[in-house]
Amino acid sequence: GKKDEFVDGGYVVDYILDKTGMKGTGRWTIQEAAERSVAAPLMAASLDARYISARKDERIKASEILKGPEVTSAEIPVHKMQMLDDLKAALYAAKVCSYAQGLGIIKSCSEDMDWGINLSDCARMWKGGCIIRAALLQKIQDALARDKNLPNLILDPVVASELNDRTAAWRRVVVVAVGYGISTPALCGALNYFDSYRRKSLPANLTQAQRDFFGGHTYERTDREGVFHTAWTDAHKSIGDINERTAGEV
């Protein structure tokens with residue numbers, strides 16, 4: 001690390017105030033993702049982390065009131081070299097998911113606006129020099145060149161294999177962080193994205209059932225075609241034409 005010029009033996013990073021600034025690009029990205037109905041939880045988590053960091057005075061007060069877990073290394077053992085290896089794997093996997101989410105936003109915009117963007121070319125240009133330049137971009141460029149209609153970067157066989165090989169380490173890092181009360185919103189957000197995307201079935205049926213219960217928003221079924229509504233209790237009345245209830249869906 002970079003030695004501090006004001007403090008002997010100290011490092012610059014240890015004296016930087018923990019309040020993150022921003023220029024707005026993260027906010028615009030998440031706004032665009034929401035507008036396009038593209039999931040970007042890792043990027044949203046990163047943005048939320050900045051918002052929380054900015055509330056320094058509130059966090060100082062909260063640190064005197066809210067308590068974290070009191071655990072020992074015996075309860076949650078951490079082996080330094082193993083953790084370093086796991087962190088490397090977790091960071092790599094999360095970075096892949098971050099690129100996947102960003103590319104997903106670009107892909108959706110391109111399709112909606114008929115821009116005809118070549119995502120492989122995007123990766124190639126980013127390699128030339130920009131804030132997200134990384135060696136990983138070569139693999140991303142290759143993956144998108146292999147299949148220009150790839151729905152999601154993490155579905156590429158090579159990329160998927162690398163993620164699958166790292167999931168155990170990724171989960172160990174998150175488990176340790178949660179156990180010790182260490183906030184890791186981006187790593188957790190990326191893992192939740194990965195776990196949600198890889199599932200054939202999600203508990204979203206409960207969410208849709210609640211939407212129908214509280215707002216008569218209807219639902220589709222797994223065993224037959226059509227749109228349905230249930231009168232969940234005796235207090236529920238007829239909602240009229242079911243098809244009209246889906247008119248506002250995005």
# chains A, B, ... in the order shown; residues from 1 in each chain; ligands from 1
$ residues_around --residues "Ala235 (chain A)" --least-positions-apart "5" --cutoff "12 Å" --atoms "only C-alpha atoms" --output "PyMOL selection string"
chain A and resi 213-214+230
$ closest_residue --among "A:Glu70, A:Asp18, A:Glu162, A:Asp114" --to "Lys95 (chain A)" --atoms "only C-alpha atoms"
A:Glu162
$ atom_distance --atom1 "CA of Gln31 (chain A)" --atom2 "CA of Ala44 (chain A)"
9.6 Å
$ residues_around --residues "Ala169 (chain A)" --least-positions-apart "3" --cutoff "6 Å" --atoms "only C-alpha atoms" --output "list in words"
Asp86, Arg166 and Arg172 of chain A
$ write_last_selection --atoms "C-alpha atoms" --output "PDB file, in the first residue's frame"
ATOM      1  CA  ASP A  86     -11.535 -17.509  -1.114  1.00  0.00           C
ATOM      2  CA  ARG A 166     -15.727 -20.574  -7.412  1.00  0.00           C
ATOM      3  CA  ARG A 172     -17.560 -19.203   2.491  1.00  0.00           C
TER       4      ARG A 172
END
$ closest_residue --among "A:Pro77, A:Gly189, A:Gly102, A:Gly9" --to "Asp48 (chain A)" --atoms "only C-alpha atoms"
A:Gly189
$ select_by_dssp --residues "region 20-201 of chain A" --states "alpha helix (DSSP H)" --output "PyMOL selection string"
chain A and resi 25-35+41-54+56-63+80-113+119-127+136-146+157-180+185-197
$ atom_distance --atom1 "CA of Arg199 (chain A)" --atom2 "CA of Gly26 (chain A)"
27.8 Å
$ atom_distance --atom1 "CA of Leu191 (chain A)" --atom2 "CA of Gln210 (chain A)"
25.7 Å
$ residues_around --residues "region 184-186 of chain A" --least-positions-apart "5" --cutoff "6 Å" --atoms "only C-alpha atoms" --output "list in words"
Leu42, Ala45 and Ser46 of chain A
$ residues_around --residues "Ile132 (chain A)" --least-positions-apart "4" --cutoff "10 Å" --atoms "only C-alpha atoms" --output "PyMOL selection string"
chain A and resi 99+123+126-127+137
$ residues_around --residues "Asp212 (chain A)" --least-positions-apart "2" --cutoff "12 Å" --atoms "only C-alpha atoms" --output "ChimeraX atom specification"
/A:205-210,214-220,227-233,236,239,242,245-246
$ residues_around --residues "region 34-38 of chain A" --least-positions-apart "3" --cutoff "8 Å" --atoms "only C-alpha atoms" --output "PyMOL selection string"
chain A and resi 30-31+101+104-105+108-109+250
